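Novice: This is the structure I want to talk about, given as structure tokens.
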Amino acid sequence: MIQPVNEALAEAADLIGRASNLALACHVGPDGDALGSMLALHHLALSQGIPSVASWSEPFGVAPHYEFLPGLDLVTKPQDFPARPELMVTFDCGSLERLGDLVPAAEAARNGHGLVVLDHHASNDRYGSTNVVDVDAAATAVVVRRLATRVGWPLSREAAICLYTGLVTDTGRFQYRNTTPEVFALAQELSEFDLPIPDMTRQLFEQHRFAYLQLVAACLARAQLDRDLKFIATWVTAEDYERFDVCLEETEGLIDLVRRAGEAEISCVLKETPAGVRVSLRAVSDTDVGAIAARFGGGGHRFAAGFVHPGTVQEVLDELRGALVAQGCGA
């Protein structure tokens with residue numbers, strides 16, 4: 001039985017408020033919401049004199065557009081993460097497996113004092129001992145803000161910058177359907193901390209290396225539009241990374257360019273990685289791409305989801321098209 005969100009939030013606040021130290025972790029390949037949410041609570045805990053470590057699995061790096069986040073100089077390498085945390089908190093992570101190298105620490109925490117899961121993905125499989133999963137929240141940053149209120153920890157400017165990053169990235173600069181009155185209320189509260197919003201917006205969404213722009217041109221040139229399925233897709237190969245000297249993390253925003261095609265209701269970017277083909281899905285219709293991603297062992301939201309699947313780009317793309325047909329897309 002799934003515990004009501006408010007009950008789980010109160011339980012998490014009690015555990016965190018009584019903890020003598022915290023171990024914080026987000027999912028592998030962290031995005032703005034994962035990093036922002038984790039670093040925000042990291043700042044708040046440290047400001048209260050509570051020892052805290054924050055980390056994520058290898059590859060241990062962030063995309064260039066997140067390098068401004070305060071607190072990145074305070075994170076802990078995954079190999080130095082405590083093996084048996086007193087209390088562990090995970091952020092924006094829908095399953096235990098997405099913690100990668102930190103799975104053993106999470107299992108030890110769950111079997112010991114506690115594993116608190118903070119998330120907003122409908123596909124979250126409630127792997128914690130306390131699961132604060134609010135599928136109506138626009139971002140995990142929203143959940144973290146509520147948690148801080150419950151614990152009684154006042155915000156700091158550093159935490160506000162981190163939370164705003166999570167909020168603005170997961171709402172697509174307040175353009176996605178998850179942009180609610182609560183989102184604007186939180187944005188107003190955070191903006192009162194004199195945030196460098198123009199500079200943050202530039203770095204998060206608009207500033208890229210010329211090499212990345214060249215990669216984008218190549219990817220858009222090879223994009224395929226299936227008018228019957230109302231589906232557009234492109235891909236990034238291992239050769240592309242080498243040719244343009246671009247890393248995987250830099251390509252996070254490519255899906256936002258592909259989804260602009262007016263003829264398509266579903267957009268997709270496939271990326272070759274050592275672990276398999278990483279697939280990002282977006283929808284501007286009522287098609288539930290979260291359900292489609294779940295067919296491949298992934299997850300996410302109704303309008304934004306993803307998964308990693310073995311095979312070549314073409315093989316995964318063919319399987320994905322088959323799933324779209326089975327879902328009734330384009331009918």
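As shown in the structure tokens, the chain order sets the letters A, B, ...; within each chain, residues go from 1, and ligands are also counted from 1 in the order they appear.
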Can you build me a table of region 131-157 of chain A residues sitting at most 7 Å from region 35-53 of chain A, with the closest atom pair per residue and its distance in Å to one decimal, using only C-alpha atoms, sorted by chain and residue number, as JSON lines?

Specialist:
```
{"residue": "A:Thr140", "atom": "CA", "partner": "A:Ser37", "partner_atom": "CA", "distance": 6.3}
{"residue": "A:Ala141", "atom": "CA", "partner": "A:Ser37", "partner_atom": "CA", "distance": 4.9}
{"residue": "A:Val144", "atom": "CA", "partner": "A:Ser37", "partner_atom": "CA", "distance": 6.3}
{"residue": "A:Trp153", "atom": "CA", "partner": "A:Leu44", "partner_atom": "CA", "distance": 6.7}
{"residue": "A:Leu155", "atom": "CA", "partner": "A:Leu44", "partner_atom": "CA", "distance": 6.9}
```

Novice: How would you write, as a PDB file with N, CA, C and O atoms, in the first residue's frame, the set of residues in region 160-211 of chain A that DSSP gives as alpha helix (DSSP H)?

Specialist:
```
ATOM      1  N   ALA A 160      18.517  28.353  -2.635  1.00  0.00           N
ATOM      2  CA  ALA A 160      17.521  28.924  -3.546  1.00  0.00           C
ATOM      3  C   ALA A 160      17.982  28.813  -4.996  1.00  0.00           C
ATOM      4  O   ALA A 160      17.188  28.496  -5.893  1.00  0.00           O
ATOM      5  N   ILE A 161      19.266  29.073  -5.260  1.00  0.00           N
ATOM      6  CA  ILE A 161      19.800  28.932  -6.615  1.00  0.00           C
ATOM      7  C   ILE A 161      19.643  27.487  -7.094  1.00  0.00           C
ATOM      8  O   ILE A 161      19.235  27.225  -8.228  1.00  0.00           O
ATOM      9  N   CYS A 162      19.947  26.536  -6.217  1.00  0.00           N
ATOM     10  CA  CYS A 162      19.843  25.114  -6.572  1.00  0.00           C
ATOM     11  C   CYS A 162      18.395  24.699  -6.828  1.00  0.00           C
ATOM     12  O   CYS A 162      18.095  23.992  -7.805  1.00  0.00           O
ATOM     13  N   LEU A 163      17.483  25.127  -5.962  1.00  0.00           N
ATOM     14  CA  LEU A 163      16.078  24.777  -6.135  1.00  0.00           C
ATOM     15  C   LEU A 163      15.497  25.413  -7.398  1.00  0.00           C
ATOM     16  O   LEU A 163      14.704  24.791  -8.126  1.00  0.00           O
ATOM     17  N   TYR A 164      15.872  26.649  -7.675  1.00  0.00           N
ATOM     18  CA  TYR A 164      15.376  27.319  -8.883  1.00  0.00           C
ATOM     19  C   TYR A 164      15.856  26.577 -10.130  1.00  0.00           C
ATOM     20  O   TYR A 164      15.102  26.434 -11.099  1.00  0.00           O
ATOM     21  N   THR A 165      17.080  26.083 -10.082  1.00  0.00           N
ATOM     22  CA  THR A 165      17.603  25.313 -11.208  1.00  0.00           C
ATOM     23  C   THR A 165      16.759  24.074 -11.459  1.00  0.00           C
ATOM     24  O   THR A 165      16.395  23.770 -12.603  1.00  0.00           O
ATOM     25  N   GLY A 166      16.426  23.348 -10.389  1.00  0.00           N
ATOM     26  CA  GLY A 166      15.565  22.176 -10.542  1.00  0.00           C
ATOM     27  C   GLY A 166      14.197  22.538 -11.071  1.00  0.00           C
ATOM     28  O   GLY A 166      13.639  21.854 -11.936  1.00  0.00           O
ATOM     29  N   LEU A 167      13.647  23.633 -10.572  1.00  0.00           N
ATOM     30  CA  LEU A 167      12.301  24.055 -10.961  1.00  0.00           C
ATOM     31  C   LEU A 167      12.257  24.497 -12.418  1.00  0.00           C
ATOM     32  O   LEU A 167      11.367  24.088 -13.182  1.00  0.00           O
ATOM     33  N   VAL A 168      13.217  25.313 -12.824  1.00  0.00           N
ATOM     34  CA  VAL A 168      13.170  25.883 -14.165  1.00  0.00           C
ATOM     35  C   VAL A 168      13.529  24.850 -15.231  1.00  0.00           C
ATOM     36  O   VAL A 168      12.992  24.894 -16.348  1.00  0.00           O
ATOM     37  N   THR A 169      14.395  23.888 -14.904  1.00  0.00           N
ATOM     38  CA  THR A 169      14.736  22.868 -15.899  1.00  0.00           C
ATOM     39  C   THR A 169      13.610  21.861 -16.085  1.00  0.00           C
ATOM     40  O   THR A 169      13.310  21.465 -17.208  1.00  0.00           O
ATOM     41  N   ASP A 170      12.964  21.449 -15.004  1.00  0.00           N
ATOM     42  CA  ASP A 170      11.911  20.437 -15.135  1.00  0.00           C
ATOM     43  C   ASP A 170      10.588  21.001 -15.638  1.00  0.00           C
ATOM     44  O   ASP A 170       9.692  20.233 -16.003  1.00  0.00           O
ATOM     45  N   PRO A 181       0.196  26.935 -10.516  1.00  0.00           N
ATOM     46  CA  PRO A 181       0.308  28.089  -9.614  1.00  0.00           C
ATOM     47  C   PRO A 181       1.336  27.875  -8.518  1.00  0.00           C
ATOM     48  O   PRO A 181       2.034  28.821  -8.125  1.00  0.00           O
ATOM     49  N   GLU A 182       1.479  26.621  -8.022  1.00  0.00           N
ATOM     50  CA  GLU A 182       2.481  26.343  -7.003  1.00  0.00           C
ATOM     51  C   GLU A 182       3.884  26.593  -7.538  1.00  0.00           C
ATOM     52  O   GLU A 182       4.769  27.081  -6.812  1.00  0.00           O
ATOM     53  N   VAL A 183       4.103  26.275  -8.811  1.00  0.00           N
ATOM     54  CA  VAL A 183       5.405  26.510  -9.429  1.00  0.00           C
ATOM     55  C   VAL A 183       5.742  27.995  -9.434  1.00  0.00           C
ATOM     56  O   VAL A 183       6.844  28.409  -9.059  1.00  0.00           O
ATOM     57  N   PHE A 184       4.783  28.819  -9.839  1.00  0.00           N
ATOM     58  CA  PHE A 184       5.034  30.257  -9.887  1.00  0.00           C
ATOM     59  C   PHE A 184       5.208  30.833  -8.483  1.00  0.00           C
ATOM     60  O   PHE A 184       6.018  31.744  -8.274  1.00  0.00           O
ATOM     61  N   ALA A 185       4.476  30.297  -7.525  1.00  0.00           N
ATOM     62  CA  ALA A 185       4.614  30.770  -6.145  1.00  0.00           C
ATOM     63  C   ALA A 185       6.011  30.455  -5.614  1.00  0.00           C
ATOM     64  O   ALA A 185       6.650  31.298  -4.951  1.00  0.00           O
ATOM     65  N   LEU A 186       6.510  29.249  -5.908  1.00  0.00           N
ATOM     66  CA  LEU A 186       7.844  28.889  -5.463  1.00  0.00           C
ATOM     67  C   LEU A 186       8.903  29.718  -6.188  1.00  0.00           C
ATOM     68  O   LEU A 186       9.885  30.169  -5.581  1.00  0.00           O
ATOM     69  N   ALA A 187       8.704  29.934  -7.494  1.00  0.00           N
ATOM     70  CA  ALA A 187       9.656  30.753  -8.248  1.00  0.00           C
ATOM     71  C   ALA A 187       9.726  32.165  -7.671  1.00  0.00           C
ATOM     72  O   ALA A 187      10.810  32.752  -7.559  1.00  0.00           O
ATOM     73  N   GLN A 188       8.580  32.714  -7.275  1.00  0.00           N
ATOM     74  CA  GLN A 188       8.572  34.047  -6.677  1.00  0.00           C
ATOM     75  C   GLN A 188       9.338  34.052  -5.355  1.00  0.00           C
ATOM     76  O   GLN A 188      10.148  34.949  -5.096  1.00  0.00           O
ATOM     77  N   GLU A 189       9.098  33.034  -4.528  1.00  0.00           N
ATOM     78  CA  GLU A 189       9.803  32.950  -3.245  1.00  0.00           C
ATOM     79  C   GLU A 189      11.312  32.854  -3.456  1.00  0.00           C
ATOM     80  O   GLU A 189      12.091  33.562  -2.798  1.00  0.00           O
ATOM     81  N   LEU A 190      11.730  32.016  -4.382  1.00  0.00           N
ATOM     82  CA  LEU A 190      13.150  31.817  -4.616  1.00  0.00           C
ATOM     83  C   LEU A 190      13.798  33.069  -5.212  1.00  0.00           C
ATOM     84  O   LEU A 190      14.945  33.404  -4.894  1.00  0.00           O
ATOM     85  N   SER A 191      13.065  33.771  -6.070  1.00  0.00           N
ATOM     86  CA  SER A 191      13.621  34.958  -6.714  1.00  0.00           C
ATOM     87  C   SER A 191      13.902  36.073  -5.720  1.00  0.00           C
ATOM     88  O   SER A 191      14.698  36.981  -5.994  1.00  0.00           O
ATOM     89  N   ILE A 197      19.141  35.455 -12.276  1.00  0.00           N
ATOM     90  CA  ILE A 197      18.291  34.732 -13.227  1.00  0.00           C
ATOM     91  C   ILE A 197      18.756  34.884 -14.678  1.00  0.00           C
ATOM     92  O   ILE A 197      18.811  33.881 -15.411  1.00  0.00           O
ATOM     93  N   PRO A 198      19.103  36.087 -15.162  1.00  0.00           N
ATOM     94  CA  PRO A 198      19.573  36.162 -16.557  1.00  0.00           C
ATOM     95  C   PRO A 198      20.811  35.306 -16.814  1.00  0.00           C
ATOM     96  O   PRO A 198      20.890  34.601 -17.830  1.00  0.00           O
ATOM     97  N   ASP A 199      21.769  35.342 -15.894  1.00  0.00           N
ATOM     98  CA  ASP A 199      22.981  34.541 -16.072  1.00  0.00           C
ATOM     99  C   ASP A 199      22.682  33.050 -15.984  1.00  0.00           C
ATOM    100  O   ASP A 199      23.241  32.244 -16.747  1.00  0.00           O
ATOM    101  N   MET A 200      21.794  32.662 -15.060  1.00  0.00           N
ATOM    102  CA  MET A 200      21.429  31.249 -14.927  1.00  0.00           C
ATOM    103  C   MET A 200      20.725  30.756 -16.186  1.00  0.00           C
ATOM    104  O   MET A 200      21.012  29.662 -16.683  1.00  0.00           O
ATOM    105  N   THR A 201      19.812  31.550 -16.706  1.00  0.00           N
ATOM    106  CA  THR A 201      19.067  31.170 -17.900  1.00  0.00           C
ATOM    107  C   THR A 201      20.001  30.995 -19.084  1.00  0.00           C
ATOM    108  O   THR A 201      19.887  30.040 -19.862  1.00  0.00           O
ATOM    109  N   PHE A 210      30.838  25.899 -29.597  1.00  0.00           N
ATOM    110  CA  PHE A 210      30.635  25.830 -31.039  1.00  0.00           C
ATOM    111  C   PHE A 210      30.634  24.375 -31.509  1.00  0.00           C
ATOM    112  O   PHE A 210      29.868  23.999 -32.407  1.00  0.00           O
ATOM    113  N   ALA A 211      31.464  23.533 -30.867  1.00  0.00           N
ATOM    114  CA  ALA A 211      31.518  22.120 -31.237  1.00  0.00           C
ATOM    115  C   ALA A 211      30.158  21.453 -31.059  1.00  0.00           C
ATOM    116  O   ALA A 211      29.752  20.616 -31.876  1.00  0.00           O
TER     117      ALA A 211
END
```

Novice: Hey, which of A:Cys93, A:Val132, A:Gly112, A:Leu72 ends up closest to Val5 (chain A)? Count only C-alpha atoms.

Specialist: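 Looking at the shortest contact to Val5 (chain A), the residue is A:Val132.
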
Novice: Distance table requested - region 127-187 of chain A against region 104-108 of chain A, cut-off 12 Å, only C-alpha atoms: one row per qualifying residue with the closest atom pair and its distance in Å to one decimal, ordered by chain and rising residue number, as a tab-separated table.

Specialist:
```
residue	atom	partner	partner_atom	distance
A:Tyr127	CA	A:Glu107	CA	9.2
A:Gly128	CA	A:Ala106	CA	8.3
A:Ser129	CA	A:Glu107	CA	10.0
```

Novice: Take the residues that were just selected and, keeping N, CA, C and O atoms, output them as a PDB file, in the first residue's frame.

Specialist:
```pdb
ATOM      1  N   TYR A 127      11.373   2.243  -3.657  1.00  0.00           N
ATOM      2  CA  TYR A 127      12.428   1.364  -3.172  1.00  0.00           C
ATOM      3  C   TYR A 127      12.957   1.753  -1.802  1.00  0.00           C
ATOM      4  O   TYR A 127      13.802   1.059  -1.247  1.00  0.00           O
ATOM      5  N   GLY A 128      12.474   2.855  -1.245  1.00  0.00           N
ATOM      6  CA  GLY A 128      12.966   3.307   0.045  1.00  0.00           C
ATOM      7  C   GLY A 128      12.177   2.749   1.208  1.00  0.00           C
ATOM      8  O   GLY A 128      11.158   2.071   1.032  1.00  0.00           O
ATOM      9  N   SER A 129      12.644   3.018   2.421  1.00  0.00           N
ATOM     10  CA  SER A 129      11.866   2.688   3.610  1.00  0.00           C
ATOM     11  C   SER A 129      10.846   3.797   3.876  1.00  0.00           C
ATOM     12  O   SER A 129       9.812   3.565   4.508  1.00  0.00           O
TER      13      SER A 129
END
```

Novice: If you take only C-alpha atoms and a cut-off of 9 Å, which residues of region 36-103 of chain A touch region 6-19 of chain A, and what are their nearest atom pairs and distances in Å to one decimal, in chain and number order, as JSON lines?

Specialist:
```
{"residue": "A:Ile50", "atom": "CA", "partner": "A:Ala19", "partner_atom": "CA", "distance": 8.1}
{"residue": "A:Glu86", "atom": "CA", "partner": "A:Ala19", "partner_atom": "CA", "distance": 7.5}
{"residue": "A:Leu87", "atom": "CA", "partner": "A:Ala19", "partner_atom": "CA", "distance": 6.8}
{"residue": "A:Val89", "atom": "CA", "partner": "A:Ile16", "partner_atom": "CA", "distance": 8.9}
```

Novice: How would the residues just chosen look if you wrote them out with N, CA and C atoms as a PDB file, in the first residue's frame?

Specialist:
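Result file is out.pdb:
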```
ATOM      1  N   ILE A  50      24.763  20.096  10.465  1.00  0.00           N
ATOM      2  CA  ILE A  50      24.600  18.647  10.331  1.00  0.00           C
ATOM      3  C   ILE A  50      25.555  18.144   9.262  1.00  0.00           C
ATOM      4  N   GLU A  86      24.005   6.362   8.023  1.00  0.00           N
ATOM      5  CA  GLU A  86      23.029   6.412   9.113  1.00  0.00           C
ATOM      6  C   GLU A  86      21.643   6.681   8.531  1.00  0.00           C
ATOM      7  N   LEU A  87      21.556   7.693   7.658  1.00  0.00           N
ATOM      8  CA  LEU A  87      20.305   7.988   6.958  1.00  0.00           C
ATOM      9  C   LEU A  87      20.678   8.457   5.557  1.00  0.00           C
ATOM     10  N   VAL A  89      19.341   9.758   1.723  1.00  0.00           N
ATOM     11  CA  VAL A  89      18.243  10.405   1.014  1.00  0.00           C
ATOM     12  C   VAL A  89      18.585  10.426  -0.465  1.00  0.00           C
TER      13      VAL A  89
END
```

Novice: Find the spatial neighbours of Asp226 (chain A), counting only C-alpha atoms, within a cut-off of 10 Å - ignore same-chain residues fewer than 2 positions away - and output them as an MDAnalysis selection string.

Specialist: chainID A and resid 224 228:233 263:264 266 321 330

Novice: Once you have the residues from the selection above, write them out as an mmCIF file, in the first residue's frame, restricted to all heavy atoms.

Specialist:
```cif
data_model
loop_
_atom_site.group_PDB
_atom_site.id
_atom_site.type_symbol
_atom_site.label_atom_id
_atom_site.label_comp_id
_atom_site.auth_asym_id
_atom_site.auth_seq_id
_atom_site.Cartn_x
_atom_site.Cartn_y
_atom_site.Cartn_z
ATOM 1 N N GLN A 224 14.629 11.947 -38.693
ATOM 2 C CA GLN A 224 13.609 11.277 -39.493
ATOM 3 C C GLN A 224 12.219 11.625 -38.963
ATOM 4 O O GLN A 224 11.972 11.552 -37.748
ATOM 5 C CB GLN A 224 13.798 9.766 -39.444
ATOM 6 C CG GLN A 224 15.101 9.279 -40.046
ATOM 7 C CD GLN A 224 15.252 7.775 -39.962
ATOM 8 O OE1 GLN A 224 14.437 7.078 -39.337
ATOM 9 N NE2 GLN A 224 16.297 7.238 -40.580
ATOM 10 N N ASP A 228 2.976 9.443 -40.433
ATOM 11 C CA ASP A 228 1.846 8.600 -40.024
ATOM 12 C C ASP A 228 1.789 8.479 -38.497
ATOM 13 O O ASP A 228 0.711 8.547 -37.892
ATOM 14 C CB ASP A 228 1.956 7.212 -40.652
ATOM 15 C CG ASP A 228 1.767 7.249 -42.163
ATOM 16 O OD1 ASP A 228 1.078 8.173 -42.647
ATOM 17 O OD2 ASP A 228 2.315 6.371 -42.849
ATOM 18 N N LEU A 229 2.949 8.276 -37.869
ATOM 19 C CA LEU A 229 3.000 8.136 -36.415
ATOM 20 C C LEU A 229 3.089 9.496 -35.707
ATOM 21 O O LEU A 229 2.995 9.558 -34.478
ATOM 22 C CB LEU A 229 4.207 7.288 -36.012
ATOM 23 C CG LEU A 229 4.130 5.787 -36.265
ATOM 24 C CD1 LEU A 229 5.450 5.120 -35.883
ATOM 25 C CD2 LEU A 229 2.978 5.167 -35.481
ATOM 26 N N LYS A 230 3.312 10.555 -36.504
ATOM 27 C CA LYS A 230 3.539 11.890 -35.939
ATOM 28 C C LYS A 230 4.708 11.839 -34.947
ATOM 29 O O LYS A 230 4.629 12.290 -33.816
ATOM 30 C CB LYS A 230 2.271 12.431 -35.255
ATOM 31 C CG LYS A 230 1.098 12.605 -36.210
ATOM 32 C CD LYS A 230 -0.128 13.149 -35.502
ATOM 33 C CE LYS A 230 -1.288 13.294 -36.489
ATOM 34 N NZ LYS A 230 -2.520 13.812 -35.831
ATOM 35 N N PHE A 231 5.780 11.261 -35.462
ATOM 36 C CA PHE A 231 6.932 10.926 -34.638
ATOM 37 C C PHE A 231 8.209 11.396 -35.319
ATOM 38 O O PHE A 231 8.422 11.154 -36.507
ATOM 39 C CB PHE A 231 6.963 9.403 -34.438
ATOM 40 C CG PHE A 231 8.199 8.854 -33.788
ATOM 41 C CD1 PHE A 231 8.512 9.163 -32.477
ATOM 42 C CD2 PHE A 231 9.043 7.992 -34.495
ATOM 43 C CE1 PHE A 231 9.648 8.636 -31.871
ATOM 44 C CE2 PHE A 231 10.175 7.453 -33.900
ATOM 45 C CZ PHE A 231 10.482 7.792 -32.587
ATOM 46 N N ILE A 232 9.055 12.079 -34.563
ATOM 47 C CA ILE A 232 10.345 12.521 -35.086
ATOM 48 C C ILE A 232 11.458 11.973 -34.204
ATOM 49 O O ILE A 232 11.317 11.897 -32.977
ATOM 50 C CB ILE A 232 10.428 14.069 -35.170
ATOM 51 C CG1 ILE A 232 11.735 14.481 -35.859
ATOM 52 C CG2 ILE A 232 10.290 14.715 -33.792
ATOM 53 C CD1 ILE A 232 11.800 15.969 -36.185
ATOM 54 N N ALA A 233 12.548 11.563 -34.857
ATOM 55 C CA ALA A 233 13.666 10.985 -34.106
ATOM 56 C C ALA A 233 14.988 11.348 -34.762
ATOM 57 O O ALA A 233 15.073 11.506 -35.983
ATOM 58 C CB ALA A 233 13.530 9.464 -34.039
ATOM 59 N N GLU A 263 5.093 19.040 -37.040
ATOM 60 C CA GLU A 263 4.378 17.881 -37.594
ATOM 61 C C GLU A 263 4.357 16.693 -36.648
ATOM 62 O O GLU A 263 3.665 15.710 -36.913
ATOM 63 C CB GLU A 263 5.025 17.447 -38.911
ATOM 64 C CG GLU A 263 5.026 18.500 -40.003
ATOM 65 C CD GLU A 263 6.286 19.362 -39.977
ATOM 66 O OE1 GLU A 263 6.946 19.415 -38.907
ATOM 67 O OE2 GLU A 263 6.612 19.958 -41.013
ATOM 68 N N ALA A 264 5.137 16.761 -35.572
ATOM 69 C CA ALA A 264 5.273 15.605 -34.679
ATOM 70 C C ALA A 264 4.632 15.858 -33.317
ATOM 71 O O ALA A 264 4.691 16.968 -32.787
ATOM 72 C CB ALA A 264 6.748 15.251 -34.496
ATOM 73 N N ILE A 266 5.273 13.287 -30.935
ATOM 74 C CA ILE A 266 6.228 12.568 -30.092
ATOM 75 C C ILE A 266 7.617 12.768 -30.685
ATOM 76 O O ILE A 266 7.818 12.610 -31.903
ATOM 77 C CB ILE A 266 5.904 11.068 -30.026
ATOM 78 C CG1 ILE A 266 4.481 10.851 -29.533
ATOM 79 C CG2 ILE A 266 6.901 10.337 -29.119
ATOM 80 C CD1 ILE A 266 3.976 9.449 -29.740
ATOM 81 N N ARG A 321 9.347 2.169 -32.624
ATOM 82 C CA ARG A 321 8.245 2.407 -33.562
ATOM 83 C C ARG A 321 7.153 1.355 -33.372
ATOM 84 O O ARG A 321 5.955 1.675 -33.426
ATOM 85 C CB ARG A 321 8.762 2.391 -35.006
ATOM 86 C CG ARG A 321 9.492 3.660 -35.426
ATOM 87 C CD ARG A 321 9.565 3.744 -36.944
ATOM 88 N NE ARG A 321 10.161 4.979 -37.389
ATOM 89 C CZ ARG A 321 11.438 5.125 -37.748
ATOM 90 N NH1 ARG A 321 12.257 4.069 -37.686
ATOM 91 N NH2 ARG A 321 11.898 6.280 -38.156
ATOM 92 N N GLY A 330 -0.676 7.932 -33.783
ATOM 93 C CA GLY A 330 -0.949 8.293 -35.164
ATOM 94 C C GLY A 330 -2.257 7.793 -35.698
ATOM 95 O O GLY A 330 -2.607 8.059 -36.844
#
```

Novice: Using only C-alpha atoms, which residue out of A:Val313, A:Gly299, A:Ala283, A:Asn124 lies closest to Leu270 (chain A)?

Specialist: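 Among the listed residues, A:Val313 lies closest to Leu270 (chain A).
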
Novice: Skipping near chain neighbours, those fewer than 3 positions away, what residues fall within 10 Å of Leu320 (chain A) using only C-alpha atoms, listed as number ranges by chain?

Specialist: A: 268, 279, 292-293, 295-296, 314-317, 323-326

Novice: Given only C-alpha atoms as the basis, pick out the residue of A:Thr180, A:Thr149, A:Asn111, A:Thr251 nearest to His65 (chain A).

Specialist: A:Thr251

Novice: Identify which of the residues A:Thr237, A:Gln3, A:Asn21, A:Thr312 lies closest to Pro82 (chain A), counting only C-alpha atoms when measuring atom-to-atom distances.

Specialist: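 Nearest to Pro82 (chain A): A:Asn21.
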
Novice: Any idea what's packed within 12 Å of Arg243 (chain A), counting only C-alpha atoms, ignoring anything in its chain fewer than 5 positions away? Could you give it as a list in words?

Specialist: Ala211, Tyr212, Gln214, Leu215, Ala218, Val236, Thr237 and Ala238 of chain A

Novice: I'd like to know which of A:Val277, A:Val75, A:Ala223, A:Ile2 is closest to Ala23 (chain A), using only C-alpha atoms.

Specialist: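 The answer is A:Val75, which sits nearest to Ala23 (chain A).
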
Novice: Under the rule that only C-alpha atoms are counted, which of A:Glu97, A:Asp92, A:Ala138, A:Leu69 is the nearest residue to Val116 (chain A)?

Specialist: A:Asp92

Novice: With only C-alpha atoms as the counted atoms, please give the residues lying no more than 9 Å from Ala305 (chain A), apart from itself and same-chain residues fewer than 5 positions off, as a tab-separated table (two decimals) with C-alpha atoms, in the first residue's frame.

Specialist:
```tsv
chain	number	residue	atom	x	y	z
A	279	VAL	CA	16.53	7.11	-25.32
A	280	SER	CA	14.81	10.38	-24.44
A	281	LEU	CA	11.11	10.76	-25.26
A	282	ARG	CA	8.85	13.83	-25.24
A	288	ASP	CA	1.81	8.64	-22.48
A	289	VAL	CA	5.53	8.31	-23.26
A	290	GLY	CA	6.11	7.23	-19.65
A	291	ALA	CA	4.10	4.07	-20.38
A	292	ILE	CA	6.08	3.51	-23.57
A	293	ALA	CA	9.38	3.90	-21.71
A	294	ALA	CA	8.14	1.42	-19.09
A	298	GLY	CA	12.51	2.82	-18.16
A	299	GLY	CA	10.11	5.39	-16.83
A	300	GLY	CA	9.38	9.04	-16.29
```

Novice: Pick out the residues sitting within 12 Å of Ser55 (chain A), and hand them over as an NGL selection string; count only C-alpha atoms, and ignore anything fewer than 6 positions along from it in its own chain.

Specialist: :A and (22-30 or 34-35 or 38-39 or 42 or 61-62 or 71-82 or 88-91 or 99-102 or 105)

Novice: How would the residues just picked look written out with C-alpha atoms as a compact mmCIF listing (two decimals), in the first residue's frame?

Specialist:
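The resulting selection_37.txt:
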```
# COMPACT_ATOMS: atom_id res chain seq x y z
CA LEU A 22 23.11 12.64 6.17
CA ALA A 23 24.19 10.84 3.02
CA LEU A 24 22.59 12.31 -0.10
CA ALA A 25 22.56 10.80 -3.60
CA CYS A 26 20.94 11.44 -6.96
CA HIS A 27 20.68 9.34 -10.10
CA VAL A 28 23.49 8.58 -12.51
CA GLY A 29 24.02 11.27 -15.15
CA PRO A 30 22.24 13.89 -13.01
CA ALA A 34 18.50 15.92 -9.51
CA LEU A 35 21.55 18.09 -8.87
CA MET A 38 20.33 17.27 -3.77
CA LEU A 39 22.64 20.27 -3.45
CA HIS A 42 23.13 19.56 1.23
CA GLY A 61 30.80 14.72 -13.73
CA VAL A 62 28.15 17.22 -14.74
CA GLY A 71 28.06 23.26 -3.76
CA LEU A 72 29.60 21.24 -6.58
CA ASP A 73 32.94 21.82 -4.88
CA LEU A 74 31.51 20.16 -1.76
CA VAL A 75 30.40 16.85 -3.29
CA THR A 76 31.97 13.49 -2.47
CA LYS A 77 33.31 11.01 -5.01
CA PRO A 78 31.22 7.82 -5.12
CA GLN A 79 34.11 5.69 -3.91
CA ASP A 80 34.26 7.83 -0.75
CA PHE A 81 30.51 7.63 -0.08
CA PRO A 82 29.73 5.94 3.27
CA MET A 88 20.41 8.14 3.17
CA VAL A 89 18.24 10.40 1.01
CA THR A 90 17.89 10.00 -2.75
CA PHE A 91 16.66 12.66 -5.17
CA LEU A 99 21.89 4.86 -8.23
CA GLY A 100 24.56 2.80 -9.97
CA ASP A 101 27.66 2.46 -7.78
CA LEU A 102 25.70 3.67 -4.74
CA ALA A 105 24.98 1.95 0.28
```

Novice: Grab the CA of Thr171 (chain A) to CA of His309 (chain A) distance for me, in Å with one decimal place.

Specialist: 26.2 Å

Novice: Which of region 47-273 of chain A counts as strand (DSSP E) under DSSP, as a PyMOL selection string please?

Specialist: chain A and resi 52-55+88-91+115-119+130-133+224-226+231-236+266-273

Novice: Please measure the separation of CA of Arg222 (chain A) and CA of Tyr176 (chain A), giving the value in Å to one decimal.

Specialist: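 It comes out at 26.5 Å.
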